[in-house]
file data.csv (CSV, C-alpha atoms)
chain,number,residue,atom,x,y,z
E,1106,MET,CA,-67.8,115.9,-151.8
E,1107,PRO,CA,-65.4,118.6,-153.2
E,1108,LYS,CA,-61.9,118.6,-152.0
E,1109,GLY,CA,-61.5,120.7,-148.9
E,1110,ALA,CA,-65.2,120.7,-148.1
E,1111,GLY,CA,-64.7,118.4,-145.1
E,1112,MET,CA,-62.1,120.8,-143.6
E,1113,LYS,CA,-64.5,123.7,-144.1
E,1114,THR,CA,-67.3,121.9,-142.4
E,1115,SER,CA,-65.1,121.1,-139.5
E,1116,LEU,CA,-64.1,124.7,-139.2
E,1117,VAL,CA,-67.7,125.8,-139.2
E,1118,VAL,CA,-68.6,123.2,-136.5
E,1119,ALA,CA,-65.7,124.4,-134.4
E,1120,SER,CA,-66.8,128.0,-134.7
E,1121,LEU,CA,-70.3,127.1,-133.6
E,1122,LEU,CA,-68.9,125.3,-130.6
E,1123,VAL,CA,-66.8,128.3,-129.6
E,1124,ALA,CA,-69.8,130.5,-130.0
E,1125,ALA,CA,-71.9,128.2,-127.9
E,1126,GLY,CA,-69.2,128.2,-125.2
E,1127,SER,CA,-69.2,132.0,-125.2
E,1128,ALA,CA,-72.9,132.1,-124.8
E,1129,GLY,CA,-72.6,129.7,-121.9
E,1130,ALA,CA,-70.1,131.9,-120.3
E,1131,ALA,CA,-72.4,134.9,-120.7
E,1132,GLU,CA,-75.3,132.9,-119.1
E,1133,ALA,CA,-73.2,132.5,-116.0
E,1134,GLY,CA,-74.3,136.1,-115.1
E,1135,TRP,CA,-71.2,138.2,-115.9
E,1136,VAL,CA,-71.7,141.3,-118.0
E,1137,ARG,CA,-68.9,143.5,-119.3
E,1138,PHE,CA,-68.2,147.1,-120.4
E,1139,LYS,CA,-65.0,148.6,-121.7
E,1140,THR,CA,-64.1,152.3,-121.6
E,1141,ASP,CA,-61.0,154.0,-123.0
E,1142,ASP,CA,-59.3,153.5,-119.6
E,1143,ALA,CA,-60.6,150.4,-117.9
E,1144,GLU,CA,-62.5,147.1,-118.5
E,1145,PHE,CA,-65.4,146.4,-116.0
E,1146,SER,CA,-67.0,143.0,-115.4
E,1147,ALA,CA,-69.9,142.6,-113.0
E,1148,ARG,CA,-72.1,139.8,-111.6
E,1149,LEU,CA,-75.4,140.5,-109.7
E,1150,VAL,CA,-75.9,138.5,-106.5
E,1151,LEU,CA,-79.6,138.4,-105.5
E,1152,ASP,CA,-79.8,134.9,-104.2
E,1153,ARG,CA,-80.1,135.0,-100.4
E,1154,ASN,CA,-78.6,131.6,-100.0
E,1155,GLU,CA,-75.5,132.7,-101.9
E,1156,ILE,CA,-75.3,135.9,-99.8
E,1157,ARG,CA,-75.6,133.9,-96.6
E,1158,GLY,CA,-72.9,131.6,-97.9
E,1159,LEU,CA,-70.6,134.5,-98.5
E,1160,LEU,CA,-71.3,136.5,-95.4
E,1161,GLY,CA,-72.8,134.1,-92.9
E,1162,ASN,CA,-75.8,136.4,-92.9
E,1163,ASP,CA,-78.4,137.0,-95.7
E,1164,LEU,CA,-78.9,140.6,-94.6
E,1165,ASP,CA,-82.6,140.0,-94.2
E,1166,GLY,CA,-82.9,140.2,-98.0
E,1167,ASP,CA,-82.5,144.0,-97.8
E,1168,PHE,CA,-79.2,144.2,-99.7
E,1169,THR,CA,-78.0,143.2,-103.1
E,1170,LEU,CA,-74.3,142.4,-103.8
E,1171,VAL,CA,-72.4,143.0,-107.0
E,1172,GLN,CA,-69.2,141.1,-107.7
E,1173,LEU,CA,-66.8,143.3,-109.7
E,1174,SER,CA,-63.6,142.6,-111.6
E,1175,ILE,CA,-61.9,145.8,-112.9
E,1176,ARG,CA,-58.8,146.0,-115.1
E,1177,PRO,CA,-57.2,149.4,-115.8
E,1178,LEU,CA,-55.9,149.7,-119.4
E,1179,TYR,CA,-52.6,151.1,-120.6
E,1180,ASN,CA,-51.2,151.6,-117.1
E,1181,TYR,CA,-54.1,154.0,-116.3
E,1182,ARG,CA,-54.1,155.1,-112.7
E,1183,LEU,CA,-57.7,154.3,-111.7
E,1184,VAL,CA,-59.1,155.8,-108.5
E,1185,LEU,CA,-62.1,153.7,-107.2
E,1186,GLY,CA,-64.8,155.0,-105.0
E,1187,ARG,CA,-68.1,153.5,-103.7
E,1188,ASP,CA,-70.0,156.6,-104.8
E,1189,ASP,CA,-68.9,155.9,-108.4
E,1190,PHE,CA,-71.4,153.0,-108.5
E,1191,THR,CA,-75.2,153.2,-108.2
E,1192,LEU,CA,-77.6,150.2,-108.3
E,1193,ARG,CA,-81.1,151.0,-109.4
E,1194,SER,CA,-84.3,149.1,-109.9
E,1195,ARG,CA,-86.2,150.0,-113.0
E,1196,ARG,CA,-89.4,148.6,-111.5
E,1197,ASP,CA,-89.8,150.9,-108.5
E,1198,ASN,CA,-86.8,153.2,-108.8
E,1199,GLU,CA,-85.2,151.8,-105.6
E,1200,ARG,CA,-81.6,152.9,-105.7
E,1201,SER,CA,-78.4,152.9,-103.6
E,1202,LYS,CA,-74.9,154.0,-103.8
E,1203,GLY,CA,-72.2,151.5,-102.8
E,1204,MET,CA,-72.2,151.2,-99.0
E,1205,SER,CA,-69.3,150.7,-96.8
E,1206,PRO,CA,-69.1,147.8,-94.3
E,1207,ASP,CA,-69.4,150.3,-91.4
E,1208,GLU,CA,-72.7,151.6,-92.8
E,1209,ILE,CA,-74.1,148.1,-92.8
E,1210,ALA,CA,-72.7,146.6,-89.6
E,1211,GLY,CA,-70.7,149.3,-87.9
E,1212,GLU,CA,-70.9,150.3,-84.3
E,1213,SER,CA,-72.2,153.8,-85.0
E,1214,VAL,CA,-75.2,152.7,-87.0
E,1215,LEU,CA,-78.6,153.6,-85.4
E,1216,VAL,CA,-81.5,151.6,-86.6
E,1217,LEU,CA,-85.1,152.7,-86.2
E,1218,GLY,CA,-88.4,151.0,-86.9
E,1219,SER,CA,-88.8,147.2,-87.1
E,1220,ARG,CA,-85.2,146.4,-87.8
E,1221,ARG,CA,-82.9,145.1,-85.1
E,1222,ALA,CA,-81.1,147.9,-83.2
E,1223,GLY,CA,-77.9,147.9,-81.1
E,1224,SER,CA,-74.3,148.6,-81.0
E,1225,GLY,CA,-73.5,146.1,-83.8
E,1226,GLY,CA,-75.1,148.1,-86.6
E,1227,ILE,CA,-78.0,147.2,-88.9
E,1228,PHE,CA,-77.2,143.5,-88.7
E,1229,GLU,CA,-75.7,142.3,-85.4
E,1230,ASP,CA,-74.2,138.9,-85.4
E,1231,SER,CA,-74.3,138.4,-81.6
E,1232,GLN,CA,-78.0,137.8,-81.1
E,1233,GLY,CA,-78.3,135.2,-78.3
E,1234,PRO,CA,-81.5,133.7,-76.8
E,1235,VAL,CA,-83.9,135.8,-74.7
E,1236,ILE,CA,-84.5,134.7,-71.0
E,1237,PRO,CA,-87.9,135.9,-69.8
E,1238,GLY,CA,-88.2,137.8,-66.5
E,1239,ASN,CA,-89.8,136.1,-63.4
E,1240,PRO,CA,-93.5,137.0,-63.0
E,1241,GLY,CA,-94.2,139.2,-60.0
E,1242,THR,CA,-90.6,140.4,-59.7
E,1243,ASP,CA,-88.6,143.3,-61.1
E,1244,ASN,CA,-86.5,141.0,-63.2
E,1245,ARG,CA,-86.8,142.0,-66.8
E,1246,PRO,CA,-86.2,139.8,-69.9
E,1247,ARG,CA,-82.6,139.7,-70.9
E,1248,ARG,CA,-80.6,138.4,-73.8
E,1249,LEU,CA,-77.8,135.9,-73.3
E,1250,PRO,CA,-74.6,136.1,-75.4
E,1251,SER,CA,-74.6,134.0,-78.5
E,1252,LEU,CA,-72.1,131.4,-79.4
E,1253,ASN,CA,-70.2,134.1,-81.3
E,1254,SER,CA,-69.4,135.8,-78.0
E,1255,SER,CA,-66.3,134.8,-76.0
E,1256,LEU,CA,-66.9,132.0,-73.6
E,1257,GLY,CA,-65.1,134.0,-70.9
E,1258,SER,CA,-67.7,136.7,-70.9
E,1259,SER,CA,-70.5,134.2,-71.1
E,1260,LEU,CA,-69.3,132.5,-67.9
E,1261,GLY,CA,-69.0,135.7,-66.0
E,1262,GLY,CA,-66.0,137.3,-64.2
E,1263,GLY,CA,-65.6,134.4,-61.8
E,1264,GLY,CA,-65.8,131.7,-64.4
E,1265,SER,CA,-62.9,130.0,-66.2
E,1266,SER,CA,-62.5,128.9,-69.8
E,1267,GLU,CA,-60.4,126.3,-71.4
E,1268,VAL,CA,-60.5,128.2,-74.7
E,1269,SER,CA,-57.4,130.3,-75.2
E,1270,ARG,CA,-57.7,133.9,-76.4
E,1271,ALA,CA,-55.2,133.0,-79.1
E,1272,GLU,CA,-57.6,130.5,-80.7
E,1273,ARG,CA,-59.5,131.6,-83.8
E,1274,ARG,CA,-62.7,133.4,-83.0
E,1275,PRO,CA,-65.7,133.5,-85.3
E,1276,THR,CA,-65.4,136.2,-88.0
E,1277,SER,CA,-67.9,139.1,-87.4
E,1278,LEU,CA,-70.2,140.3,-90.2
E,1279,LEU,CA,-68.3,143.6,-90.3
E,1280,GLU,CA,-65.0,141.8,-90.8
E,1281,ARG,CA,-66.4,139.6,-93.5
E,1282,LEU,CA,-67.8,142.5,-95.4
E,1283,GLY,CA,-64.4,144.2,-95.3
E,1284,GLU,CA,-62.6,141.1,-96.4
E,1285,LEU,CA,-64.9,140.7,-99.5
E,1286,GLU,CA,-65.3,144.3,-100.5
E,1287,LEU,CA,-63.8,145.6,-103.7
E,1288,PRO,CA,-60.5,147.4,-102.8
E,1289,ILE,CA,-61.5,151.1,-102.6
E,1290,GLN,CA,-58.2,152.6,-103.6
E,1291,GLU,CA,-56.0,153.9,-106.4
E,1292,THR,CA,-54.7,151.1,-108.6
E,1293,ARG,CA,-53.0,150.3,-111.9
E,1294,ALA,CA,-53.5,146.6,-111.4
E,1295,PRO,CA,-56.6,144.5,-111.8
E,1296,VAL,CA,-58.8,144.3,-108.7
E,1297,ARG,CA,-61.7,142.1,-107.7
E,1298,GLY,CA,-64.3,142.1,-105.0
E,1299,TYR,CA,-67.9,142.9,-104.0
E,1300,LEU,CA,-69.9,146.1,-103.5
E,1301,TYR,CA,-73.0,146.3,-101.3
E,1302,PHE,CA,-76.2,148.1,-102.2
E,1303,GLN,CA,-79.3,148.7,-100.1
E,1304,VAL,CA,-81.6,147.4,-102.8
E,1305,SER,CA,-84.0,144.5,-102.0
E,1306,ALA,CA,-82.7,141.1,-103.1
E,1307,LYS,CA,-86.4,140.4,-104.0
E,1308,GLN,CA,-85.9,142.4,-107.2
E,1309,LYS,CA,-85.6,140.6,-110.5
E,1310,LYS,CA,-82.4,140.7,-112.6
E,1311,LYS,CA,-84.2,142.2,-115.6
E,1312,HIS,CA,-85.1,145.2,-113.5
E,1313,ILE,CA,-81.7,146.0,-112.2
E,1314,ARG,CA,-79.2,148.5,-113.6
E,1315,LEU,CA,-75.6,149.1,-112.4
E,1316,MET,CA,-74.5,152.6,-113.2
E,1317,TYR,CA,-70.9,153.8,-113.1
E,1318,ASP,CA,-70.0,157.5,-113.2
E,1319,GLY,CA,-66.3,158.0,-112.3
E,1320,PRO,CA,-62.8,158.7,-113.4
E,1321,ALA,CA,-62.8,156.0,-116.1
E,1322,GLY,CA,-66.0,157.2,-117.8
E,1323,GLU,CA,-69.8,156.7,-117.5
E,1324,PHE,CA,-72.0,153.7,-118.5
E,1325,THR,CA,-74.9,151.6,-117.4
E,1326,MET,CA,-74.9,147.8,-117.2
E,1327,ARG,CA,-78.0,145.5,-117.7
E,1328,PHE,CA,-78.2,142.0,-116.2
E,1329,ASP,CA,-81.1,140.6,-118.2

call {"tool": "encode", "arguments": {"input": "data.csv", "output": "structure tokens"}}
result
Amino acid sequence: MPKGAGMKTSLVVASLLVAAGSAGAAEAGWVRFKTDDAEFSARLVLDRNEIRGLLGNDLDGDFTLVQLSIRPLYNYRLVLGRDDFTLRSRRDNERSKGMSPDEIAGESVLVLGSRRAGSGGIFEDSQGPVIPGNPGTDNRPRRLPSLNSSLGSSLGGGGSSEVSRAERRPTSLLERLGELELPIQETRAPVRGYLYFQVSAKQKKKHIRLMYDGPAGEFTMRFD
């Protein structure tokens, strides 16, 4: 073997390993796009078990999440807005702008049709068991508070509870959506978080496109 051939072979093998590692990182689901002013990384979240693990609620499979990591470049002052992002299915043209937590689980949301309706928004997290009314009486079916409700209200005005109000209560869906959301603000520093789109989680990754049209430019991301 010629002198130096072994070293060259080792360098080639090392390069192949690095390339394989990069391919593995890409397979993790992250896609990237760089404009003159910012670098965007995105990961599509369609798995309902993962959505349930994040939010404590799978949103009935009606919503898709996108995890975003955004880094402004050269001290650029980037202003982020939900409307800058659109998620679209190429299969049936289902599309949605980024939705705020209030639009998904806020008190002012009115839901019609077969979805659950109430003061808690599209997806209430206080659905307790239903008690049927007594036959032959005017007693109608009623819903009991769920475990997410305070014990004091469940026991009634005359009841007592050993649970202090200062103790940690379960986090509501609205609060959890707010905690995980991409910071919608002006920033020069890297930010990370999720955006929520009313696009069915039953879609396939190869059909989904994330479109950005905002202060940092315009582009489309593919996840296949």

call {"tool": "residues_around", "arguments": {"input": "data.csv", "residues": "region 1285-1302 of chain E", "least_positions_apart": "3", "cutoff": "10 Å", "atoms": "all atoms listed in the file", "output": "PDB file with C-alpha atoms, in the coordinates of the input"}}
result
ATOM      1  CA  ALA E1143     -60.600 150.400-117.900  1.00  0.00           C
ATOM      2  CA  GLU E1144     -62.500 147.100-118.500  1.00  0.00           C
ATOM      3  CA  PHE E1145     -65.400 146.400-116.000  1.00  0.00           C
ATOM      4  CA  SER E1146     -67.000 143.000-115.400  1.00  0.00           C
ATOM      5  CA  ALA E1147     -69.900 142.600-113.000  1.00  0.00           C
ATOM      6  CA  ARG E1148     -72.100 139.800-111.600  1.00  0.00           C
ATOM      7  CA  LEU E1149     -75.400 140.500-109.700  1.00  0.00           C
ATOM      8  CA  VAL E1150     -75.900 138.500-106.500  1.00  0.00           C
ATOM      9  CA  LEU E1159     -70.600 134.500 -98.500  1.00  0.00           C
ATOM     10  CA  LEU E1160     -71.300 136.500 -95.400  1.00  0.00           C
ATOM     11  CA  ASP E1167     -82.500 144.000 -97.800  1.00  0.00           C
ATOM     12  CA  PHE E1168     -79.200 144.200 -99.700  1.00  0.00           C
ATOM     13  CA  THR E1169     -78.000 143.200-103.100  1.00  0.00           C
ATOM     14  CA  LEU E1170     -74.300 142.400-103.800  1.00  0.00           C
ATOM     15  CA  VAL E1171     -72.400 143.000-107.000  1.00  0.00           C
ATOM     16  CA  GLN E1172     -69.200 141.100-107.700  1.00  0.00           C
ATOM     17  CA  LEU E1173     -66.800 143.300-109.700  1.00  0.00           C
ATOM     18  CA  SER E1174     -63.600 142.600-111.600  1.00  0.00           C
ATOM     19  CA  ILE E1175     -61.900 145.800-112.900  1.00  0.00           C
ATOM     20  CA  ARG E1176     -58.800 146.000-115.100  1.00  0.00           C
ATOM     21  CA  PRO E1177     -57.200 149.400-115.800  1.00  0.00           C
ATOM     22  CA  LEU E1178     -55.900 149.700-119.400  1.00  0.00           C
ATOM     23  CA  TYR E1179     -52.600 151.100-120.600  1.00  0.00           C
ATOM     24  CA  ASN E1180     -51.200 151.600-117.100  1.00  0.00           C
ATOM     25  CA  TYR E1181     -54.100 154.000-116.300  1.00  0.00           C
ATOM     26  CA  ARG E1182     -54.100 155.100-112.700  1.00  0.00           C
ATOM     27  CA  LEU E1183     -57.700 154.300-111.700  1.00  0.00           C
ATOM     28  CA  VAL E1184     -59.100 155.800-108.500  1.00  0.00           C
ATOM     29  CA  LEU E1185     -62.100 153.700-107.200  1.00  0.00           C
ATOM     30  CA  GLY E1186     -64.800 155.000-105.000  1.00  0.00           C
ATOM     31  CA  ARG E1187     -68.100 153.500-103.700  1.00  0.00           C
ATOM     32  CA  PHE E1190     -71.400 153.000-108.500  1.00  0.00           C
ATOM     33  CA  THR E1191     -75.200 153.200-108.200  1.00  0.00           C
ATOM     34  CA  LEU E1192     -77.600 150.200-108.300  1.00  0.00           C
ATOM     35  CA  ARG E1193     -81.100 151.000-109.400  1.00  0.00           C
ATOM     36  CA  ARG E1200     -81.600 152.900-105.700  1.00  0.00           C
ATOM     37  CA  SER E1201     -78.400 152.900-103.600  1.00  0.00           C
ATOM     38  CA  LYS E1202     -74.900 154.000-103.800  1.00  0.00           C
ATOM     39  CA  GLY E1203     -72.200 151.500-102.800  1.00  0.00           C
ATOM     40  CA  MET E1204     -72.200 151.200 -99.000  1.00  0.00           C
ATOM     41  CA  SER E1205     -69.300 150.700 -96.800  1.00  0.00           C
ATOM     42  CA  PRO E1206     -69.100 147.800 -94.300  1.00  0.00           C
ATOM     43  CA  ILE E1209     -74.100 148.100 -92.800  1.00  0.00           C
ATOM     44  CA  GLU E1280     -65.000 141.800 -90.800  1.00  0.00           C
ATOM     45  CA  ARG E1281     -66.400 139.600 -93.500  1.00  0.00           C
ATOM     46  CA  LEU E1282     -67.800 142.500 -95.400  1.00  0.00           C
ATOM     47  CA  SER E1305     -84.000 144.500-102.000  1.00  0.00           C
ATOM     48  CA  ALA E1306     -82.700 141.100-103.100  1.00  0.00           C
TER      49      ALA E1306
END

call {"tool": "atom_distance", "arguments": {"input": "data.csv", "atom1": "CA of Arg1196 (chain E)", "atom2": "CA of Ile1313 (chain E)"}}
result
8.2 Å

call {"tool": "closest_residue", "arguments": {"input": "data.csv", "among": "E:Asp1163, E:Asp1207, E:Asp1152, E:Glu1199", "to": "Val1304 (chain E)", "atoms": "all atoms listed in the file"}}
result
E:Glu1199

call {"tool": "build_atoms", "arguments": {"input": "data.csv", "residues": "region 1312-1323 of chain E", "atoms": "all heavy atoms", "output": "PDB file, in the frame of the given file"}}
result
ATOM      1  N   HIS E1312     -84.799 143.880-113.948  1.00  0.00           N
ATOM      2  CA  HIS E1312     -85.100 145.200-113.500  1.00  0.00           C
ATOM      3  C   HIS E1312     -83.930 146.028-113.024  1.00  0.00           C
ATOM      4  O   HIS E1312     -84.027 147.235-112.803  1.00  0.00           O
ATOM      5  CB  HIS E1312     -86.196 145.206-112.421  1.00  0.00           C
ATOM      6  CG  HIS E1312     -87.519 144.680-112.872  1.00  0.00           C
ATOM      7  ND1 HIS E1312     -88.333 143.889-112.077  1.00  0.00           N
ATOM      8  CD2 HIS E1312     -88.181 144.806-114.049  1.00  0.00           C
ATOM      9  CE1 HIS E1312     -89.427 143.575-112.742  1.00  0.00           C
ATOM     10  NE2 HIS E1312     -89.353 144.112-113.944  1.00  0.00           N
ATOM     11  N   ILE E1313     -82.807 145.347-112.817  1.00  0.00           N
ATOM     12  CA  ILE E1313     -81.700 146.000-112.200  1.00  0.00           C
ATOM     13  C   ILE E1313     -80.705 146.584-113.165  1.00  0.00           C
ATOM     14  O   ILE E1313     -80.385 145.999-114.190  1.00  0.00           O
ATOM     15  CB  ILE E1313     -80.911 144.941-111.279  1.00  0.00           C
ATOM     16  CG1 ILE E1313     -81.835 144.416-110.169  1.00  0.00           C
ATOM     17  CG2 ILE E1313     -79.667 145.562-110.670  1.00  0.00           C
ATOM     18  CD1 ILE E1313     -82.266 145.446-109.184  1.00  0.00           C
ATOM     19  N   ARG E1314     -80.201 147.769-112.821  1.00  0.00           N
ATOM     20  CA  ARG E1314     -79.200 148.500-113.600  1.00  0.00           C
ATOM     21  C   ARG E1314     -78.052 148.870-112.680  1.00  0.00           C
ATOM     22  O   ARG E1314     -78.293 149.406-111.601  1.00  0.00           O
ATOM     23  CB  ARG E1314     -79.767 149.698-114.304  1.00  0.00           C
ATOM     24  CG  ARG E1314     -80.959 149.424-115.223  1.00  0.00           C
ATOM     25  CD  ARG E1314     -80.521 148.687-116.473  1.00  0.00           C
ATOM     26  NE  ARG E1314     -81.633 148.497-117.392  1.00  0.00           N
ATOM     27  CZ  ARG E1314     -82.403 147.426-117.418  1.00  0.00           C
ATOM     28  NH1 ARG E1314     -82.189 146.439-116.539  1.00  0.00           N
ATOM     29  NH2 ARG E1314     -83.374 147.310-118.301  1.00  0.00           N
ATOM     30  N   LEU E1315     -76.816 148.630-113.106  1.00  0.00           N
ATOM     31  CA  LEU E1315     -75.600 149.100-112.400  1.00  0.00           C
ATOM     32  C   LEU E1315     -75.073 150.287-113.175  1.00  0.00           C
ATOM     33  O   LEU E1315     -74.693 150.138-114.337  1.00  0.00           O
ATOM     34  CB  LEU E1315     -74.581 148.021-112.245  1.00  0.00           C
ATOM     35  CG  LEU E1315     -73.276 148.467-111.558  1.00  0.00           C
ATOM     36  CD1 LEU E1315     -73.519 148.829-110.096  1.00  0.00           C
ATOM     37  CD2 LEU E1315     -72.203 147.378-111.669  1.00  0.00           C
ATOM     38  N   MET E1316     -75.024 151.440-112.536  1.00  0.00           N
ATOM     39  CA  MET E1316     -74.500 152.600-113.200  1.00  0.00           C
ATOM     40  C   MET E1316     -73.185 153.048-112.625  1.00  0.00           C
ATOM     41  O   MET E1316     -72.993 153.041-111.413  1.00  0.00           O
ATOM     42  CB  MET E1316     -75.546 153.780-113.029  1.00  0.00           C
ATOM     43  CG  MET E1316     -76.892 153.487-113.686  1.00  0.00           C
ATOM     44  SD  MET E1316     -78.142 154.758-113.367  1.00  0.00           S
ATOM     45  CE  MET E1316     -78.533 154.409-111.656  1.00  0.00           C
ATOM     46  N   TYR E1317     -72.259 153.364-113.520  1.00  0.00           N
ATOM     47  CA  TYR E1317     -70.900 153.800-113.100  1.00  0.00           C
ATOM     48  C   TYR E1317     -70.744 155.252-113.675  1.00  0.00           C
ATOM     49  O   TYR E1317     -71.006 155.513-114.859  1.00  0.00           O
ATOM     50  CB  TYR E1317     -69.835 152.930-113.650  1.00  0.00           C
ATOM     51  CG  TYR E1317     -68.432 153.473-113.422  1.00  0.00           C
ATOM     52  CD1 TYR E1317     -67.794 153.310-112.200  1.00  0.00           C
ATOM     53  CD2 TYR E1317     -67.754 154.164-114.429  1.00  0.00           C
ATOM     54  CE1 TYR E1317     -66.518 153.812-111.980  1.00  0.00           C
ATOM     55  CE2 TYR E1317     -66.479 154.667-114.220  1.00  0.00           C
ATOM     56  CZ  TYR E1317     -65.869 154.494-112.992  1.00  0.00           C
ATOM     57  OH  TYR E1317     -64.615 154.998-112.779  1.00  0.00           O
ATOM     58  N   ASP E1318     -70.287 156.150-112.818  1.00  0.00           N
ATOM     59  CA  ASP E1318     -70.000 157.500-113.200  1.00  0.00           C
ATOM     60  C   ASP E1318     -68.739 157.925-112.403  1.00  0.00           C
ATOM     61  O   ASP E1318     -68.851 158.361-111.264  1.00  0.00           O
ATOM     62  CB  ASP E1318     -71.136 158.453-112.957  1.00  0.00           C
ATOM     63  CG  ASP E1318     -70.889 159.856-113.507  1.00  0.00           C
ATOM     64  OD1 ASP E1318     -69.804 160.084-114.072  1.00  0.00           O
ATOM     65  OD2 ASP E1318     -71.778 160.716-113.358  1.00  0.00           O
ATOM     66  N   GLY E1319     -67.565 157.712-112.997  1.00  0.00           N
ATOM     67  CA  GLY E1319     -66.300 158.000-112.300  1.00  0.00           C
ATOM     68  C   GLY E1319     -65.202 158.353-113.160  1.00  0.00           C
ATOM     69  O   GLY E1319     -65.408 158.703-114.331  1.00  0.00           O
ATOM     70  N   PRO E1320     -63.977 158.300-112.645  1.00  0.00           N
ATOM     71  CA  PRO E1320     -62.800 158.700-113.400  1.00  0.00           C
ATOM     72  C   PRO E1320     -62.615 158.024-114.740  1.00  0.00           C
ATOM     73  O   PRO E1320     -62.058 158.594-115.685  1.00  0.00           O
ATOM     74  CB  PRO E1320     -61.639 158.468-112.460  1.00  0.00           C
ATOM     75  CG  PRO E1320     -62.236 158.427-111.106  1.00  0.00           C
ATOM     76  CD  PRO E1320     -63.607 157.876-111.279  1.00  0.00           C
ATOM     77  N   ALA E1321     -63.067 156.763-114.826  1.00  0.00           N
ATOM     78  CA  ALA E1321     -62.800 156.000-116.100  1.00  0.00           C
ATOM     79  C   ALA E1321     -63.960 156.128-117.068  1.00  0.00           C
ATOM     80  O   ALA E1321     -63.923 155.478-118.120  1.00  0.00           O
ATOM     81  CB  ALA E1321     -62.654 154.502-115.697  1.00  0.00           C
ATOM     82  N   GLY E1322     -64.939 156.971-116.793  1.00  0.00           N
ATOM     83  CA  GLY E1322     -66.000 157.200-117.800  1.00  0.00           C
ATOM     84  C   GLY E1322     -67.381 157.085-117.154  1.00  0.00           C
ATOM     85  O   GLY E1322     -67.562 157.268-115.944  1.00  0.00           O
ATOM     86  N   GLU E1323     -68.367 156.755-117.971  1.00  0.00           N
ATOM     87  CA  GLU E1323     -69.800 156.700-117.500  1.00  0.00           C
ATOM     88  C   GLU E1323     -70.476 155.646-118.390  1.00  0.00           C
ATOM     89  O   GLU E1323     -70.360 155.651-119.616  1.00  0.00           O
ATOM     90  CB  GLU E1323     -70.417 158.044-117.680  1.00  0.00           C
ATOM     91  CG  GLU E1323     -71.862 158.103-117.220  1.00  0.00           C
ATOM     92  CD  GLU E1323     -72.454 159.487-117.364  1.00  0.00           C
ATOM     93  OE1 GLU E1323     -71.706 160.431-117.706  1.00  0.00           O
ATOM     94  OE2 GLU E1323     -73.687 159.614-117.165  1.00  0.00           O
TER      95      GLU E1323
END
